[in-house]
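Asker: So here's entry_11.txt, just compact mmCIF, C-alpha atoms:
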```
# COMPACT_ATOMS: atom_id res chain seq x y z
CA MET J 1 177.11 42.70 173.88
CA SER J 2 180.37 42.17 172.02
CA HIS J 3 182.87 44.94 171.48
CA PHE J 4 182.25 44.51 167.75
CA LEU J 5 178.50 45.23 168.06
CA ILE J 6 179.13 48.19 170.37
CA ALA J 7 181.61 49.66 167.91
CA ARG J 8 179.24 49.04 165.00
CA ARG J 9 176.36 50.81 166.77
CA ALA J 10 178.63 53.71 167.63
CA LEU J 11 179.64 54.05 164.00
CA LEU J 12 176.02 53.90 162.84
CA LEU J 13 175.02 56.56 165.39
CA ALA J 14 177.89 58.77 164.35
CA GLY J 15 176.88 58.34 160.72
CA LEU J 16 173.27 59.26 161.44
CA THR J 17 174.36 62.29 163.46
CA ALA J 18 176.64 63.46 160.66
CA SER J 19 173.89 62.84 158.10
CA SER J 20 171.33 64.79 160.16
CA LEU J 21 173.76 67.65 160.57
CA ALA J 22 174.41 67.69 156.83
CA ILE J 23 170.66 67.81 156.09
CA ALA J 24 170.12 70.63 158.56
CA GLN J 25 173.00 72.64 157.13
CA SER J 26 171.98 72.15 153.48
CA TYR J 27 168.19 72.62 153.72
CA PRO J 28 166.71 73.93 151.52
CA THR J 29 168.43 72.82 148.31
CA LYS J 30 165.47 73.58 146.02
CA PRO J 31 162.35 75.81 145.97
CA VAL J 32 159.96 75.48 148.91
CA ARG J 33 156.22 75.63 148.32
CA LEU J 34 154.30 77.60 150.96
CA ILE J 35 150.60 76.81 150.65
CA VAL J 36 148.20 79.50 151.87
CA PRO J 37 144.75 77.86 152.16
CA PHE J 38 142.98 81.16 151.53
CA ALA J 39 142.58 83.55 148.61
CA ALA J 40 145.30 85.93 147.49
CA GLY J 41 145.19 89.51 148.69
CA GLY J 42 143.96 88.90 152.24
CA PRO J 43 146.06 89.59 155.36
CA ASN J 44 147.15 85.94 155.67
CA ASP J 45 148.39 85.97 152.09
CA VAL J 46 150.21 89.27 152.58
CA MET J 47 151.98 88.05 155.72
CA ALA J 48 152.93 84.79 153.99
CA ARG J 49 154.49 86.71 151.11
CA VAL J 50 156.41 89.03 153.43
CA LEU J 51 157.85 86.06 155.30
CA ALA J 52 158.50 84.07 152.12
CA LYS J 53 160.46 86.97 150.64
CA ARG J 54 162.67 87.15 153.70
CA LEU J 55 163.21 83.38 153.82
CA THR J 56 164.12 83.44 150.13
CA GLY J 57 166.73 86.08 150.78
CA ASP J 58 168.13 84.33 153.85
CA THR J 59 168.36 80.82 152.37
CA GLY J 60 169.07 81.54 148.71
CA GLN J 61 166.19 79.26 147.66
CA PRO J 62 162.76 80.49 146.54
CA PHE J 63 159.90 80.17 149.04
CA VAL J 64 156.94 80.27 146.65
CA VAL J 65 153.47 81.17 147.93
CA ASP J 66 150.74 78.96 146.47
CA ASN J 67 147.14 80.00 147.23
CA LYS J 68 144.74 77.05 147.54
CA PRO J 69 141.49 78.48 148.92
CA GLY J 70 138.29 76.59 149.57
CA ALA J 71 136.21 74.84 152.24
CA GLY J 72 137.35 77.16 155.02
CA GLY J 73 141.03 76.30 154.54
CA ILE J 74 140.52 72.53 154.36
CA ILE J 75 141.49 72.11 150.68
CA GLY J 76 144.87 73.83 150.99
CA THR J 77 145.68 72.25 154.34
CA ASP J 78 144.83 68.80 152.98
CA ALA J 79 147.38 69.36 150.22
CA VAL J 80 150.03 69.90 152.90
CA ALA J 81 148.88 66.86 154.89
CA LYS J 82 149.22 64.62 151.82
CA ALA J 83 152.48 66.09 150.48
CA THR J 84 155.83 64.32 150.48
CA ALA J 85 157.31 64.59 153.96
CA ASP J 86 160.55 66.31 152.97
CA GLY J 87 160.04 69.90 154.13
CA TYR J 88 159.49 71.29 150.63
CA THR J 89 155.72 71.72 151.01
CA LEU J 90 154.60 73.82 153.96
CA GLY J 91 151.30 75.28 155.09
CA PHE J 92 150.70 78.85 156.23
CA ILE J 93 147.69 78.18 158.43
CA SER J 94 145.45 80.19 160.75
CA GLY J 95 142.57 79.79 163.21
CA PRO J 96 140.08 78.06 160.86
CA VAL J 97 142.38 75.03 160.67
CA THR J 98 141.72 74.36 164.37
CA MET J 99 138.02 75.21 164.00
CA ALA J 100 137.25 72.99 161.00
CA PRO J 101 137.49 69.63 162.84
CA ALA J 102 134.80 70.79 165.26
CA LEU J 103 132.49 71.74 162.41
CA GLN J 104 133.14 68.98 159.87
CA PRO J 105 132.14 65.42 160.81
CA LYS J 106 134.40 63.97 158.11
CA MET J 107 137.77 65.61 157.66
CA PRO J 108 140.14 64.43 154.89
CA TYR J 109 143.06 64.60 157.34
CA ASP J 110 143.76 64.50 161.07
CA THR J 111 145.15 67.88 162.13
CA MET J 112 147.63 66.72 164.76
CA ARG J 113 148.45 63.34 163.21
CA ASP J 114 149.03 64.40 159.60
CA LEU J 115 150.59 67.82 160.24
CA VAL J 116 153.52 68.85 162.41
CA PRO J 117 153.59 72.36 163.93
CA VAL J 118 156.77 74.27 163.10
CA ALA J 119 156.15 77.79 164.42
CA ARG J 120 153.33 80.19 165.17
CA VAL J 121 154.62 83.35 163.54
CA ALA J 122 152.15 86.16 164.23
CA GLU J 123 148.95 87.13 165.97
CA SER J 124 146.50 89.98 165.63
CA PRO J 125 143.81 90.93 168.17
CA MET J 126 140.14 90.64 167.37
CA VAL J 127 138.20 93.88 167.60
CA MET J 128 134.51 94.41 168.30
CA MET J 129 133.07 97.05 165.99
CA VAL J 130 129.71 98.64 165.27
CA PRO J 131 128.58 101.17 162.65
CA ALA J 132 129.67 104.73 163.41
CA THR J 133 125.98 105.63 163.67
CA SER J 134 125.29 103.00 166.37
CA ASN J 135 123.79 104.19 169.64
CA PHE J 136 126.00 101.81 171.62
CA LYS J 137 128.96 103.58 173.17
CA THR J 138 130.45 100.67 175.11
CA ALA J 139 130.68 96.90 174.85
CA GLY J 140 128.83 96.65 178.16
CA GLU J 141 125.82 98.52 176.79
CA LEU J 142 125.68 96.27 173.74
CA ILE J 143 125.98 93.09 175.79
CA GLU J 144 123.26 94.13 178.23
CA PHE J 145 120.89 94.96 175.38
CA ALA J 146 121.56 91.61 173.71
CA LYS J 147 120.92 89.76 176.97
CA LYS J 148 117.58 91.49 177.49
CA ASN J 149 116.64 91.34 173.80
CA PRO J 150 117.80 87.98 172.43
CA GLU J 151 118.61 87.96 168.69
CA LYS J 152 117.46 91.55 168.21
CA LEU J 153 121.01 92.53 167.31
CA THR J 154 122.58 91.09 164.16
CA TYR J 155 126.22 90.25 163.64
CA GLY J 156 128.00 89.73 160.34
CA THR J 157 130.66 87.17 159.44
CA GLY J 158 132.42 85.80 156.39
CA GLY J 159 130.41 82.60 156.70
CA VAL J 160 129.48 79.74 159.01
CA GLY J 161 132.54 78.40 160.76
CA SER J 162 134.68 81.47 160.10
CA THR J 163 136.78 83.01 162.86
CA PRO J 164 134.34 85.95 163.36
CA HIS J 165 131.44 83.47 163.61
CA LEU J 166 132.96 81.26 166.30
CA THR J 167 134.46 84.26 168.09
CA THR J 168 131.04 85.88 168.44
CA GLU J 169 129.52 82.57 169.56
CA LEU J 170 132.26 82.37 172.18
CA LEU J 171 131.28 85.85 173.35
CA SER J 172 127.68 84.68 173.64
CA SER J 173 128.67 81.63 175.67
CA ILE J 174 130.71 83.75 178.08
CA THR J 175 128.23 86.61 178.54
CA GLY J 176 124.84 85.06 177.88
CA ALA J 177 124.11 87.63 175.17
CA LYS J 178 122.26 86.30 172.13
CA PHE J 179 122.81 87.67 168.64
CA LEU J 180 121.36 86.81 165.22
CA HIS J 181 123.97 85.52 162.77
CA VAL J 182 124.06 87.02 159.27
CA PRO J 183 126.67 85.12 157.19
CA TYR J 184 128.11 86.72 154.05
CA LYS J 185 130.12 85.17 151.22
CA GLY J 186 133.39 86.52 152.57
CA GLY J 187 135.06 88.66 155.20
CA GLY J 188 135.19 91.69 152.93
CA GLU J 189 131.43 91.69 152.47
CA SER J 190 130.81 91.43 156.22
CA ILE J 191 133.06 94.43 156.83
CA LYS J 192 131.18 96.43 154.22
CA ALA J 193 127.93 95.36 155.89
CA VAL J 194 128.88 96.78 159.28
CA MET J 195 130.25 99.93 157.66
CA GLY J 196 126.93 100.41 155.89
CA GLY J 197 124.81 99.63 158.93
CA GLU J 198 123.37 96.40 157.48
CA VAL J 199 124.39 94.56 160.66
CA ASP J 200 124.76 95.80 164.22
CA LEU J 201 128.03 94.11 165.10
CA LEU J 202 131.16 92.50 163.71
CA ILE J 203 134.11 90.95 165.55
CA ASP J 204 137.07 90.51 163.24
CA SER J 205 140.85 90.85 163.31
CA VAL J 206 142.70 94.15 163.22
CA THR J 207 144.55 92.89 160.14
CA SER J 208 141.24 92.71 158.25
CA THR J 209 139.64 95.95 159.43
CA GLY J 210 142.34 98.63 159.31
CA SER J 211 140.93 100.41 156.25
CA ALA J 212 137.41 100.23 157.68
CA PHE J 213 138.50 102.11 160.78
CA ALA J 214 140.38 104.61 158.63
CA SER J 215 137.15 105.33 156.76
CA GLY J 216 135.48 106.62 159.91
CA ARG J 217 132.38 104.54 159.19
CA ILE J 218 132.80 102.18 162.14
CA LYS J 219 133.75 102.53 165.79
CA GLY J 220 135.43 100.02 168.08
CA LEU J 221 133.96 98.95 171.41
CA GLY J 222 136.67 96.54 172.51
CA ILE J 223 139.89 94.88 171.40
CA GLY J 224 141.49 91.59 172.42
CA SER J 225 144.98 92.85 173.18
CA ALA J 226 146.74 93.16 176.54
CA LYS J 227 146.90 96.92 176.09
CA ARG J 228 145.45 99.48 173.71
CA LEU J 229 146.95 99.72 170.25
CA PRO J 230 148.58 103.03 169.29
CA ASN J 231 146.62 103.26 166.03
CA LEU J 232 143.33 102.45 167.80
CA ALA J 233 143.99 104.26 171.05
CA SER J 234 140.31 105.12 171.60
CA VAL J 235 139.29 101.45 171.60
CA PRO J 236 139.47 99.89 175.11
CA THR J 237 140.76 96.39 175.67
CA PHE J 238 138.15 93.71 176.34
CA GLU J 239 139.48 93.64 179.91
CA GLU J 240 138.84 97.38 180.25
CA ALA J 241 135.40 96.89 178.68
CA GLY J 242 134.47 94.39 181.39
CA LEU J 243 134.74 91.28 179.20
CA LYS J 244 137.12 89.31 181.38
CA GLY J 245 138.05 85.91 180.03
CA PHE J 246 137.21 86.86 176.46
CA LYS J 247 140.49 86.60 174.57
CA VAL J 248 140.56 85.51 170.95
CA GLU J 249 143.26 86.48 168.50
CA HIS J 250 143.72 85.90 164.82
CA TRP J 251 146.93 83.91 164.45
CA VAL J 252 149.03 82.45 161.66
CA GLY J 253 151.66 79.76 161.72
CA ILE J 254 153.63 77.32 159.62
CA VAL J 255 153.12 73.56 159.57
CA ALA J 256 154.83 70.77 157.67
CA THR J 257 153.75 67.30 156.65
CA ALA J 258 153.96 64.71 159.41
CA LYS J 259 157.09 62.53 159.40
CA THR J 260 159.21 65.30 157.89
CA PRO J 261 162.79 64.57 159.08
CA GLN J 262 163.54 66.27 162.38
CA PRO J 263 166.77 67.89 161.12
CA VAL J 264 164.75 69.59 158.37
CA LEU J 265 162.17 70.79 160.89
CA ASP J 266 164.94 72.11 163.15
CA ALA J 267 166.59 73.95 160.27
CA LEU J 268 163.27 75.37 159.13
CA GLN J 269 162.31 76.58 162.61
CA ALA J 270 165.69 78.30 163.00
CA GLN J 271 165.29 80.00 159.61
CA ILE J 272 161.78 81.21 160.46
CA ALA J 273 162.92 82.53 163.84
CA LYS J 274 165.74 84.43 162.14
CA ALA J 275 163.37 85.89 159.53
CA LEU J 276 160.92 87.06 162.21
CA GLN J 277 163.73 88.93 163.96
CA SER J 278 164.17 91.05 160.86
CA PRO J 279 163.05 94.65 161.53
CA GLU J 280 161.63 94.71 158.01
CA VAL J 281 159.32 91.74 158.64
CA ALA J 282 158.27 93.01 162.06
CA LYS J 283 157.48 96.43 160.64
CA LYS J 284 155.38 95.09 157.77
CA PHE J 285 153.46 92.78 160.11
CA GLU J 286 152.87 95.73 162.44
CA GLU J 287 151.54 97.82 159.55
CA LEU J 288 148.98 95.06 158.99
CA GLY J 289 147.98 95.12 162.65
CA ALA J 290 149.88 91.96 163.65
CA ARG J 291 152.89 91.25 165.82
CA THR J 292 155.49 88.56 165.36
CA VAL J 293 155.42 85.63 167.80
CA SER J 294 158.11 83.05 166.87
CA ASP J 295 156.81 80.13 168.95
CA THR J 296 158.90 77.00 169.26
CA PRO J 297 157.44 73.81 167.74
CA ALA J 298 156.51 72.56 171.24
CA GLU J 299 154.77 75.82 172.11
CA PHE J 300 152.89 75.85 168.82
CA ASP J 301 151.89 72.21 169.26
CA LYS J 302 150.46 72.96 172.72
CA PHE J 303 148.68 76.05 171.40
CA MET J 304 147.06 74.15 168.52
CA ARG J 305 145.85 71.36 170.80
CA GLU J 306 144.30 73.91 173.16
CA GLU J 307 142.60 75.68 170.25
CA LEU J 308 141.21 72.40 168.89
CA ALA J 309 139.77 71.53 172.31
CA LYS J 310 138.32 75.01 172.83
CA TRP J 311 136.43 75.07 169.54
CA GLN J 312 135.27 71.48 169.90
CA GLN J 313 133.72 72.37 173.23
CA LEU J 314 132.13 75.58 171.92
CA VAL J 315 130.59 73.95 168.85
CA LYS J 316 129.18 71.17 171.02
CA THR J 317 127.81 73.51 173.69
CA ALA J 318 126.40 76.08 171.26
CA LYS J 319 125.14 73.34 168.91
CA ILE J 320 126.65 75.08 165.89
CA GLN J 321 126.00 73.40 162.56
CA THR J 322 127.65 74.08 159.23
CA GLN J 323 124.38 73.77 157.33
```
Translate the structure described by the file into structure tokens.

Answerer:
Amino acid sequence: MSHFLIARRALLLAGLTASSLAIAQSYPTKPVRLIVPFAAGGPNDVMARVLAKRLTGDTGQPFVVDNKPGAGGIIGTDAVAKATADGYTLGFISGPVTMAPALQPKMPYDTMRDLVPVARVAESPMVMMVPATSNFKTAGELIEFAKKNPEKLTYGTGGVGSTPHLTTELLSSITGAKFLHVPYKGGGESIKAVMGGEVDLLIDSVTSTGSAFASGRIKGLGIGSAKRLPNLASVPTFEEAGLKGFKVEHWVGIVATAKTPQPVLDALQAQIAKALQSPEVAKKFEELGARTVSDTPAEFDKFMREELAKWQQLVKTAKIQTQ
């Protein structure tokens, strides 16, 4: 190779490096749209708005939350997958995004091909709850009854394919207990159902059930955290309850459109990590029953692939159908 070509390549590389650095240092230069594929007012929406507010303050550019609910998160996530790959349309996703491909034979996007993981930002343990009037005092008692009396106990969810639905099916696959599924039109209705004794069981996230516990109309039999939570100190961990290997948490994270320039992704991940270190953000997440995570893109990518595989296997084994 001639000295001329070597010098030319060196100049091009230097130019690209300088350009990438400039992009990383300047991003964002205009408002960023943060799509939440679920309705406003829920815990995912609240966490997205807390984080967006902090990112707005840190970067000087508005991070605007845009709720696009429907089809279990598919509609909003599809909007991210098909957006311009410039880092100005992001998705604030959660568990259903990795569950949907297992349940839907025809997806409008490929999760790992059309989206790029940026950071998992928070997680909240799932908690097993029964009406306060229930005769079951421990998770073990409930499981044993359900094993000896298949489908005699009912469990509520916010619908087929929701996180509570697949979480309870996972519990069944691990323990051999069989429950009867009672799907409602939304998570709020399923929580009201267990509070009112319409169903025997509900497994949902702490972020969704805080007010229900405060009402005194439900009691917890187990929680999917490594140790007991201070605000639910009477609820044993699933490990303490004898449910070894049963660990499911509600999580949220940020994804971008595939082929977004790497310098933009790097800048974005650094900004998110900084925002999550804010005591204000951590405190507000904690008040919701969640804790900040701040995964790297590689860690989040690995996590999402593991989640996709886990739910694919469960849906196949349990023969779960959306209709």

Asker: What's the 10 Å shell around Phe285 (chain J), counting all atoms listed in the file, without same-chain residues fewer than 6 positions away, as a list in words?

Answerer: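 Listed by chain and then number, they are Pro43, Val46, Met47, Val50, Leu51, Ala122, Glu123, Ser124, Thr207, Leu276, Pro279, Arg291 and Thr292 of chain J.
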
Asker: Can those selected residues be exported to a file as a PDB file, in the coordinates of the input so that it contains C-alpha atoms?

Answerer:
```pdb
ATOM      1  CA  PRO J  43     146.060  89.590 155.360  1.00  0.00           C
ATOM      2  CA  VAL J  46     150.210  89.270 152.580  1.00  0.00           C
ATOM      3  CA  MET J  47     151.980  88.050 155.720  1.00  0.00           C
ATOM      4  CA  VAL J  50     156.410  89.030 153.430  1.00  0.00           C
ATOM      5  CA  LEU J  51     157.850  86.060 155.300  1.00  0.00           C
ATOM      6  CA  ALA J 122     152.150  86.160 164.230  1.00  0.00           C
ATOM      7  CA  GLU J 123     148.950  87.130 165.970  1.00  0.00           C
ATOM      8  CA  SER J 124     146.500  89.980 165.630  1.00  0.00           C
ATOM      9  CA  THR J 207     144.550  92.890 160.140  1.00  0.00           C
ATOM     10  CA  LEU J 276     160.920  87.060 162.210  1.00  0.00           C
ATOM     11  CA  PRO J 279     163.050  94.650 161.530  1.00  0.00           C
ATOM     12  CA  ARG J 291     152.890  91.250 165.820  1.00  0.00           C
ATOM     13  CA  THR J 292     155.490  88.560 165.360  1.00  0.00           C
TER      14      THR J 292
END
```

Asker: Using only C-alpha atoms, which of the listed residues (J:Gly72, J:Val97, J:Leu34, J:Ala102) sits closest to Gln312 (chain J)?

Answerer: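 Of all the options, J:Ala102 lies closest to Gln312 (chain J).
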
Asker: So what do you get for CA of Val293 (chain J) versus CA of Gly91 (chain J), distance-wise?

Answerer: 16.9 Å

Asker: If we count only C-alpha atoms, what is near Pro183 (chain J) at a cut-off of 6 Å, once residues fewer than 6 positions away on the same chain are taken out, given as a PyMOL selection string?

Answerer: chain J and resi 156-159

Asker: Using all atoms listed in the file for the distances, tell me which of J:Glu198, J:Glu141, J:Asp110, J:Asp66 is nearest to Phe92 (chain J).

Answerer: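 Looking at the shortest contact to Phe92 (chain J), the residue is J:Asp66.
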
Asker: Identify the residues around (153.8, 74.1, 159.9) within a radius of 12 Å, measuring from all atoms listed in the file in the coordinates stated by the file, and give them as a PyMOL selection string.

Answerer: chain J and resi 33-36+77+80-81+85+87-94+97+111-112+114-121+252-258+260+264-266+268-269+272+295-298+300-301+304

Asker: Taking into account only C-alpha atoms, which residue in the set J:Gln313, J:Asn149, J:Thr84, J:Thr98 is nearest to Pro261 (chain J)?

Answerer: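 Between J:Gln313, J:Asn149, J:Thr84, J:Thr98, the residue approaching Pro261 (chain J) most closely is J:Thr84.
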
Asker: Could you check which of J:Pro125, J:Pro96, J:Gly216, J:Gly161 is closest to Phe246 (chain J), using all atoms listed in the file?

Answerer: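 Ranking J:Pro125, J:Pro96, J:Gly216, J:Gly161 by distance to Phe246 (chain J), first place goes to J:Pro125.
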
Asker: Given 4 Å of margin on each side, can you work out the centre and size in Å (one decimal) of an axis-aligned box holding every listed atom of region 88-102 of chain J, as AutoDock Vina command-line options?

Answerer:
```
--center_x 147.1 --center_y 74.9 --center_z 157.9 --size_x 32.7 --size_y 18.6 --size_z 22.6
```

Asker: So how far away is CA of Pro164 (chain J) from CA of Leu103 (chain J), in Å?

Answerer: 14.4 Å

Asker: When you count all atoms listed in the file, which of these residues is closest to Leu55 (chain J): J:Ala214, J:Lys137, J:Ala273, J:Ser205?

Answerer: J:Ala273

Asker: Taking (120.7, 93.3, 166.5) in the file's own coordinates, collect the residues within 7 Å, counting all atoms listed in the file, and hand them back as number ranges by chain.

Answerer: J: 151-155, 179-180, 200

Asker: Near Thr133 (chain J), within 12 Å and counting all atoms listed in the file, which residues show up once chain neighbours fewer than 6 positions away are dropped, as a list in words?

Answerer: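 The contact residues come out as Val194, Met195, Gly196, Gly197, Glu198, Val199, Asp200, Leu201, Gly216, Arg217, Ile218, Lys219 and Gly220 of chain J.
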
Asker: If we count all atoms listed in the file and set the cut-off at 7 Å, which residues sit around region 222-231 of chain J, ignoring sequence neighbours fewer than 6 positions away in its own chain? Please answer as a PyMOL selection string.

Answerer: chain J and resi 125-128+139+237-238+241+247-249

Asker: So how many Å separate CA of Pro150 (chain J) and CA of Lys178 (chain J), to one decimal?

Answerer: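 CA of Pro150 (chain J) sits 4.8 Å away from CA of Lys178 (chain J).
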
Asker: Any chance you could build region 94-107 of chain J out to N, CA, C and O atoms and write it as a JSON list (two decimals), keeping the file's coordinate frame?

Answerer:
```json
[["chain", "number", "residue", "atom", "x", "y", "z"],
["J", 94, "SER", "N", 145.98, 79.27, 159.75],
["J", 94, "SER", "CA", 145.45, 80.19, 160.75],
["J", 94, "SER", "C", 144.31, 79.53, 161.51],
["J", 94, "SER", "O", 144.07, 78.32, 161.36],
["J", 95, "GLY", "N", 143.59, 80.30, 162.32],
["J", 95, "GLY", "CA", 142.57, 79.79, 163.21],
["J", 95, "GLY", "C", 141.59, 78.78, 162.63],
["J", 95, "GLY", "O", 141.29, 77.76, 163.27],
["J", 96, "PRO", "N", 141.05, 79.01, 161.42],
["J", 96, "PRO", "CA", 140.08, 78.06, 160.86],
["J", 96, "PRO", "C", 140.56, 76.62, 160.78],
["J", 96, "PRO", "O", 139.75, 75.69, 160.79],
["J", 97, "VAL", "N", 141.87, 76.40, 160.73],
["J", 97, "VAL", "CA", 142.38, 75.03, 160.67],
["J", 97, "VAL", "C", 142.08, 74.28, 161.97],
["J", 97, "VAL", "O", 141.86, 73.07, 161.97],
["J", 98, "THR", "N", 142.05, 75.00, 163.10],
["J", 98, "THR", "CA", 141.72, 74.36, 164.37],
["J", 98, "THR", "C", 140.22, 74.40, 164.64],
["J", 98, "THR", "O", 139.75, 73.74, 165.56],
["J", 99, "MET", "N", 139.48, 75.17, 163.85],
["J", 99, "MET", "CA", 138.02, 75.21, 164.00],
["J", 99, "MET", "C", 137.33, 74.16, 163.13],
["J", 99, "MET", "O", 136.30, 73.60, 163.52],
["J", 100, "ALA", "N", 137.89, 73.89, 161.97],
["J", 100, "ALA", "CA", 137.25, 72.99, 161.00],
["J", 100, "ALA", "C", 136.92, 71.60, 161.57],
["J", 100, "ALA", "O", 135.82, 71.09, 161.32],
["J", 101, "PRO", "N", 137.82, 70.97, 162.33],
["J", 101, "PRO", "CA", 137.49, 69.63, 162.84],
["J", 101, "PRO", "C", 136.26, 69.61, 163.74],
["J", 101, "PRO", "O", 135.58, 68.58, 163.83],
["J", 102, "ALA", "N", 135.98, 70.73, 164.40],
["J", 102, "ALA", "CA", 134.80, 70.79, 165.26],
["J", 102, "ALA", "C", 133.52, 70.93, 164.45],
["J", 102, "ALA", "O", 132.44, 70.56, 164.92],
["J", 103, "LEU", "N", 133.66, 71.44, 163.23],
["J", 103, "LEU", "CA", 132.49, 71.74, 162.41],
["J", 103, "LEU", "C", 132.23, 70.69, 161.34],
["J", 103, "LEU", "O", 131.10, 70.57, 160.85],
["J", 104, "GLN", "N", 133.27, 69.95, 160.96],
["J", 104, "GLN", "CA", 133.14, 68.98, 159.87],
["J", 104, "GLN", "C", 133.20, 67.55, 160.42],
["J", 104, "GLN", "O", 134.22, 67.15, 160.97],
["J", 105, "PRO", "N", 132.14, 66.79, 160.28],
["J", 105, "PRO", "CA", 132.14, 65.42, 160.81],
["J", 105, "PRO", "C", 133.15, 64.51, 160.12],
["J", 105, "PRO", "O", 133.65, 63.56, 160.72],
["J", 106, "LYS", "N", 133.45, 64.79, 158.85],
["J", 106, "LYS", "CA", 134.40, 63.97, 158.11],
["J", 106, "LYS", "C", 135.48, 64.85, 157.50],
["J", 106, "LYS", "O", 135.28, 65.51, 156.49],
["J", 107, "MET", "N", 136.62, 64.84, 158.15],
["J", 107, "MET", "CA", 137.77, 65.61, 157.66],
["J", 107, "MET", "C", 138.65, 64.71, 156.80],
["J", 107, "MET", "O", 138.81, 63.51, 157.09]]
```
